[in-house]
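Heads up, protein-v3.cif below (mmCIF, C-alpha atoms):
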data_model
loop_
_atom_site.label_atom_id
_atom_site.label_comp_id
_atom_site.auth_asym_id
_atom_site.auth_seq_id
_atom_site.Cartn_x
_atom_site.Cartn_y
_atom_site.Cartn_z
CA MET F 1 -11.96 -4.93 -14.91
CA LEU F 2 -14.05 -1.83 -15.52
CA ILE F 3 -17.69 -2.51 -14.61
CA ASN F 4 -20.22 0.31 -14.79
CA GLY F 5 -17.52 2.88 -14.00
CA PHE F 6 -15.99 0.85 -11.15
CA ASN F 7 -12.49 -0.61 -11.44
CA VAL F 8 -12.98 -4.09 -9.91
CA ASP F 9 -10.15 -6.52 -9.20
CA ILE F 10 -11.58 -9.95 -10.08
CA GLN F 11 -9.99 -12.89 -8.27
CA ARG F 12 -11.11 -16.37 -9.28
CA LYS F 13 -10.98 -18.79 -6.36
CA LYS F 14 -12.40 -22.10 -5.21
CA VAL F 15 -15.48 -20.52 -3.69
CA LYS F 16 -19.21 -21.09 -4.17
CA ASN F 17 -20.43 -17.51 -4.01
CA ILE F 18 -19.26 -14.06 -4.99
CA ASN F 19 -17.58 -12.06 -2.23
CA LEU F 20 -17.47 -8.33 -3.00
CA ARG F 21 -15.38 -5.97 -0.86
CA VAL F 22 -14.53 -2.28 -0.83
CA TYR F 23 -11.31 -1.43 0.98
CA PRO F 24 -10.27 1.76 2.81
CA ASN F 25 -7.73 2.46 0.03
CA LEU F 26 -10.76 2.68 -2.33
CA GLN F 27 -9.94 -0.63 -4.01
CA ILE F 28 -12.84 -2.87 -5.03
CA LYS F 29 -12.22 -6.60 -5.12
CA ALA F 30 -14.46 -9.52 -5.98
CA SER F 31 -13.65 -13.14 -5.19
CA VAL F 32 -15.66 -15.26 -7.62
CA PRO F 33 -16.05 -18.98 -8.46
CA GLU F 34 -13.42 -20.15 -10.90
CA LYS F 35 -15.85 -20.87 -13.76
CA MET F 36 -18.34 -18.07 -13.28
CA GLU F 37 -19.13 -16.19 -16.48
CA ILE F 38 -18.11 -12.56 -16.84
CA ALA F 39 -21.70 -11.53 -17.58
CA THR F 40 -22.84 -12.95 -14.24
CA ILE F 41 -20.05 -11.14 -12.39
CA LYS F 42 -20.98 -7.85 -14.05
CA ARG F 43 -24.66 -8.24 -13.13
CA MET F 44 -23.76 -8.84 -9.49
CA VAL F 45 -21.46 -5.81 -9.29
CA ILE F 46 -24.06 -3.58 -10.95
CA SER F 47 -26.71 -4.80 -8.51
CA LYS F 48 -24.45 -3.61 -5.66
CA GLU F 49 -23.83 -0.18 -7.18
CA GLU F 50 -25.44 1.83 -4.39
CA TRP F 51 -23.67 -0.15 -1.68
CA ILE F 52 -20.31 0.35 -3.45
CA LYS F 53 -20.93 4.09 -3.76
CA GLU F 54 -21.80 4.34 -0.05
CA ARG F 55 -18.62 2.55 1.00
CA LEU F 56 -16.43 4.63 -1.32
CA LYS F 57 -18.04 7.84 -0.06
CA LYS F 58 -17.41 6.81 3.55
CA TYR F 59 -13.71 6.10 2.96
CA GLU F 60 -13.21 9.20 0.81
CA GLU F 61 -14.69 11.29 3.63
CA GLN F 62 -12.30 9.71 6.12
CA ILE F 63 -9.38 10.56 3.84
CA ARG F 64 -10.56 14.16 3.50
CA LEU F 65 -11.08 14.65 7.24
CA THR F 66 -7.63 13.35 8.13
CA LYS F 67 -5.57 15.30 5.59
CA ARG F 68 -2.22 16.37 6.99
CA ARG F 69 -1.34 20.00 7.82
CA TYR F 70 2.28 19.36 8.91
CA ILE F 71 2.16 21.33 12.12
CA SER F 72 3.83 20.70 15.47
CA GLY F 73 2.04 18.05 17.52
CA GLU F 74 0.74 15.95 14.61
CA ASP F 75 1.23 12.20 14.65
CA HIS F 76 3.39 10.80 11.85
CA TYR F 77 4.59 7.24 11.36
CA LEU F 78 7.97 5.74 10.51
CA ASN F 79 9.03 2.09 10.63
CA GLY F 80 5.69 1.14 12.15
CA LYS F 81 6.10 3.56 15.07
CA ARG F 82 4.31 6.78 15.91
CA TYR F 83 6.30 10.00 16.13
CA LEU F 84 5.25 13.51 17.11
CA LEU F 85 6.12 16.14 14.53
CA LYS F 86 8.01 19.26 15.59
CA VAL F 87 8.18 22.07 13.00
CA VAL F 88 11.15 24.45 13.29
CA ASP F 89 11.62 27.63 11.26
CA SER F 90 14.71 27.24 9.08
CA ASN F 91 16.16 28.25 5.71
CA ALA F 92 17.65 24.77 5.26
CA PRO F 93 14.68 22.41 4.68
CA SER F 94 15.09 18.88 6.04
CA VAL F 95 13.43 16.26 8.22
CA LYS F 96 15.36 14.48 10.95
CA ILE F 97 14.70 11.84 13.58
CA GLU F 98 15.30 13.58 16.90
CA ASN F 99 14.76 10.61 19.20
CA THR F 100 12.50 7.58 19.48
CA LYS F 101 9.42 9.79 19.72
CA SER F 102 9.97 12.89 17.57
CA LEU F 103 10.47 13.90 13.96
CA VAL F 104 11.73 17.44 13.39
CA MET F 105 10.86 19.29 10.20
CA TYR F 106 13.12 22.23 9.47
CA VAL F 107 11.29 24.48 7.04
CA ARG F 108 10.57 28.13 6.35
CA LYS F 109 7.72 29.51 8.40
CA SER F 110 5.96 30.64 5.22
CA SER F 111 6.23 27.24 3.54
CA SER F 112 2.97 25.85 2.12
CA VAL F 113 1.37 22.56 3.14
CA GLU F 114 2.20 21.22 -0.33
CA ASN F 115 5.89 22.02 0.07
CA LYS F 116 5.95 20.49 3.54
CA GLU F 117 4.36 17.35 2.14
CA LYS F 118 7.00 17.14 -0.60
CA LEU F 119 9.72 17.54 1.99
CA MET F 120 8.25 14.79 4.15
CA ASN F 121 7.89 12.48 1.15
CA SER F 122 11.56 13.05 0.27
CA PHE F 123 12.45 12.04 3.81
CA TYR F 124 10.26 8.94 3.57
CA LYS F 125 11.83 8.04 0.23
CA GLU F 126 15.31 8.16 1.75
CA GLN F 127 14.22 6.03 4.70
CA LEU F 128 12.46 3.46 2.52
CA SER F 129 15.46 3.22 0.17
CA ILE F 130 17.58 2.12 3.11
CA LYS F 131 15.15 -0.70 3.86
CA ILE F 132 14.75 -1.83 0.25
CA ASN F 133 18.49 -1.75 -0.40
CA LYS F 134 18.88 -4.02 2.61
CA TYR F 135 16.09 -6.50 1.95
CA LEU F 136 15.77 -6.66 -1.84
CA PRO F 137 19.09 -8.48 -2.51
CA GLU F 138 18.41 -10.88 0.37
CA LEU F 139 14.95 -11.74 -0.92
CA GLU F 140 16.12 -12.02 -4.53
CA ASN F 141 18.65 -14.63 -3.41
CA LEU F 142 16.01 -16.43 -1.38
CA ILE F 143 13.50 -16.61 -4.24
CA GLU F 144 16.23 -17.01 -6.88
CA VAL F 145 15.01 -14.19 -9.09
CA LYS F 146 16.68 -10.95 -10.11
CA SER F 147 14.98 -7.62 -10.71
CA GLU F 148 16.46 -4.88 -12.87
CA GLY F 149 15.98 -2.24 -10.21
CA TYR F 150 13.26 -0.33 -8.43
CA SER F 151 11.79 3.12 -8.02
CA ILE F 152 9.83 4.78 -5.22
CA ARG F 153 6.92 7.11 -5.77
CA LYS F 154 3.56 8.14 -4.36
CA MET F 155 0.88 5.59 -5.22
CA LYS F 156 -2.80 6.05 -4.45
CA ASN F 157 -4.13 2.49 -4.32
CA LYS F 158 -1.13 0.15 -4.31
CA TRP F 159 1.78 -0.60 -2.05
CA GLY F 160 3.84 -1.87 -4.96
CA SER F 161 3.78 -3.00 -8.56
CA CYS F 162 5.90 -5.08 -10.90
CA ASN F 163 6.60 -4.77 -14.62
CA SER F 164 7.40 -8.40 -15.32
CA GLU F 165 8.60 -7.67 -18.86
CA LYS F 166 11.16 -5.07 -17.77
CA LYS F 167 11.68 -6.81 -14.43
CA SER F 168 11.33 -3.48 -12.67
CA LEU F 169 9.63 -2.83 -9.34
CA ILE F 170 7.81 0.22 -7.98
CA PHE F 171 7.17 0.82 -4.29
CA ASN F 172 4.82 3.27 -2.60
CA VAL F 173 6.76 5.88 -0.65
CA ASP F 174 4.33 5.45 2.26
CA LEU F 175 5.77 1.98 2.90
CA ALA F 176 8.37 3.88 4.93
CA LYS F 177 5.65 4.24 7.57
CA LYS F 178 5.28 0.47 7.91
CA ASN F 179 7.26 -2.07 9.87
CA ASP F 180 9.99 -4.26 8.39
CA SER F 181 7.80 -7.38 8.13
CA GLU F 182 5.22 -5.52 6.06
CA ILE F 183 7.90 -3.99 3.84
CA LYS F 184 9.44 -7.43 3.24
CA TYR F 185 5.99 -8.83 2.43
CA VAL F 186 5.48 -6.22 -0.30
CA ILE F 187 8.95 -6.87 -1.74
CA ILE F 188 8.30 -10.63 -1.82
CA HIS F 189 4.89 -10.07 -3.39
CA GLU F 190 6.34 -8.01 -6.24
CA LEU F 191 9.32 -10.31 -6.78
CA LEU F 192 7.01 -13.30 -7.11
CA HIS F 193 5.29 -11.55 -9.99
CA LEU F 194 8.52 -12.17 -11.90
CA ILE F 195 7.58 -15.85 -11.63
CA GLU F 196 3.78 -15.64 -11.79
CA LYS F 197 2.05 -12.55 -13.22
CA LYS F 198 -1.45 -13.29 -11.93
CA HIS F 199 -2.87 -13.60 -8.43
CA ASN F 200 -3.87 -17.21 -9.01
CA ASP F 201 -3.48 -20.42 -7.00
CA HIS F 202 0.14 -20.79 -8.08
CA PHE F 203 0.91 -17.27 -6.88
CA ARG F 204 -0.75 -17.92 -3.52
CA GLU F 205 1.23 -21.16 -3.15
CA LEU F 206 4.43 -19.21 -3.72
CA MET F 207 3.36 -16.62 -1.17
CA ASP F 208 2.57 -19.36 1.35
CA TYR F 209 6.06 -20.78 0.85
CA TYR F 210 8.15 -17.61 0.91
CA CYS F 211 6.00 -15.55 3.29
CA PRO F 212 3.81 -17.84 5.45
CA LYS F 213 2.20 -14.89 7.28
CA TRP F 214 1.43 -12.98 4.10
CA GLU F 215 -2.33 -12.85 4.76
CA GLN F 216 -1.68 -11.22 8.14
CA TYR F 217 0.47 -8.54 6.51
CA TYR F 218 -2.02 -8.10 3.69
CA ASN F 219 -4.80 -7.45 6.19
CA SER F 220 -2.72 -5.07 8.29
CA LEU F 221 -1.87 -3.02 5.20
CA ASN F 222 -5.55 -2.78 4.33
CA LYS F 223 -6.66 -1.13 7.52
CA ILE F 224 -7.02 2.52 8.40
CA LEU F 225 -4.17 3.35 10.73
CA ASN F 226 -3.76 6.42 12.87
CA ASP F 227 -1.17 7.79 10.46
CA ASN F 228 -4.15 8.65 8.28
CA LYS F 229 -2.82 6.78 5.27
CA MET F 230 -5.38 4.51 3.73
CA CYS F 231 -3.99 0.98 3.34
#
Go through the file and emit its structure as structure tokens.
Amino acid sequence: MLINGFNVDIQRKKVKNINLRVYPNLQIKASVPEKMEIATIKRMVISKEEWIKERLKKYEEQIRLTKRRYISGEDHYLNGKRYLLKVVDSNAPSVKIENTKSLVMYVRKSSSVENKEKLMNSFYKEQLSIKINKYLPELENLIEVKSEGYSIRKMKNKWGSCNSEKKSLIFNVDLAKKNDSEIKYVIIHELLHLIEKKHNDHFRELMDYYCPKWEQYYNSLNKILNDNKMC
């Protein structure tokens, strides 16, 4: 819901008071009593405008200060583990896992940061595809639903999304940085939207059943990790 220029995710729950949060991925969420009127919710959000702006500014600054340069010695993450990046001059661009501690980027010495980032994202896409191709069929059988396929792309504020009409799924390429449990949580989350579109009590009951630790994974994906990706 757009309120005074802020895109706020409203979640109606069995609570007595409004709980407003701003997350490191710049998402704004408000847990509100089930029967609270929209006008009341809007007034509360507007009253917190300065606080929201301060939190957003803080997180945006953290994002800016930790922007990647793709140089040797940087920390990068894969499968929930930290790797040191080694950049090697080469006319055949690629990224490879050298051992349990290093990622090697083969790229021209004159290559721009933007091109290095594209190369790294292509590598992450390949790695994430391996995981999704492994877990998606298993989880579809478990939940007894069937998607019509998936795509992987860069997403600013979401780890995944589901088009319930087309039964198609989209996953954030940066999920490749996360561990298997977190990847499976996101897949389950999106598959359950084929059953329940909204984040209501029924959806949470389904999450509790198919992914009992889902709140733990949700919280871990909404922290600032040392890989400098905002979760």
Review point. Do you know which residues are at most 12 Å from Asn17 (chain F) counting all atoms listed in the file, after dropping those on the same chain fewer than 4 positions away, and could you put them as an MDAnalysis selection string?
Key: chainID F and resid 12:13 30:36 40:41 44
With 7 Å as the cut-off and all atoms listed in the file counted, what is the closest atom pair between each nearby residue of region 14-83 of chain F and region 166-185 of chain F? Distances in Å to one decimal, ordered by chain and number, as JSON lines.
{"residue": "F:Tyr77", "atom": "CA", "partner": "F:Lys177", "partner_atom": "CA", "distance": 4.9}
{"residue": "F:Leu78", "atom": "CA", "partner": "F:Lys177", "partner_atom": "CA", "distance": 4.0}
{"residue": "F:Asn79", "atom": "CA", "partner": "F:Asn179", "partner_atom": "CA", "distance": 4.6}
{"residue": "F:Gly80", "atom": "CA", "partner": "F:Asn179", "partner_atom": "CA", "distance": 4.2}
Revision key, fill the gap. Nearest to Asn219 (chain F), restricted to only C-alpha atoms and choosing among F:Leu103, F:Tyr23, F:Lys16, F:Glu205, comes out as F:Tyr23
Review point. Which residue gives the smallest distance to Tyr150 (chain F) among F:Asn121, F:Ile187, F:Asn115, F:Val107, with all atoms listed in the file counted?
Key: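 Using all atoms listed in the file, the shortest distance to Tyr150 (chain F) belongs to F:Ile187.
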Check your understanding: Hey, what's within 12 Å of Ala39 (chain F) if we count all atoms listed in the file and toss same-chain stuff fewer than 6 positions away? As number ranges by chain, please?
Key -> F: 3, 45-46
Check your understanding: In Å to one decimal, how far is CA of Ile18 (chain F) from CA of Trp51 (chain F)?
Key ->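 CA of Ile18 (chain F) lies 15.0 Å from CA of Trp51 (chain F).
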Exercise for review: Run through the PyMOL selection byres ((chain F and resi 85) around 12) on the given coordinates and return the selected residues as a PyMOL selection string.
Suggested key: chain F and resi 68-78+82-84+86-88+95-106+116+120+227
Practice item. Apply the PyMOL selection byres ((chain F and resi 163) around 12) to the structure shown and report the selected residues as a PyMOL selection string. Key: chain F and resi 147-151+160-162+164-171+190-197
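Between CA of His189 (chain F) and CA of Asn222 (chain F) lies a distance of 14.9 Å.
Distance annotation: of F:Glu49, F:Glu114, F:Glu37, F:Glu140, the residue with the minimal separation from Asn4 (chain F) is F:Glu49; atom set is all atoms listed in the file.
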Review point. What separation in Å, quoted to one decimal, exists between CA of Val8 (chain F) and CA of Ile28 (chain F)?
Key: 5.0 Å
Check your understanding: Residues picked by the PyMOL selection byres ((chain F and resi 55) around 12) here, as a VMD selection string?
Key -> chain F and resid 20 to 28 48 to 54 56 to 62
Please return the centre and edge lengths, in Å to one decimal, of a box with edges along x, y and z that contains all listed atoms of region 160-172 of chain F, widened by 6 Å on every side, as lines of an AutoDock Vina configuration file.
center_x = 7.7
center_y = -2.6
center_z = -10.7
size_x = 19.9
size_y = 23.7
size_z = 28.3
Study note, to complete from the structure: With distances taken over all atoms listed in the file, the candidate from F:Asp89, F:Glu126, F:Glu215, F:Glu138 nearest Ser111 (chain F) is F:Asp89
**Study point:** Counting all atoms listed in the file, the option among F:Tyr135, F:Ile188, F:Asn200, F:Ser129 closest to Ile152 (chain F)
**Key:** F:Ser129
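Nearest residue to Gln11 (chain F) among F:Lys118, F:Lys198, F:Lys125, F:Arg43 is F:Lys198, counting only C-alpha atoms.
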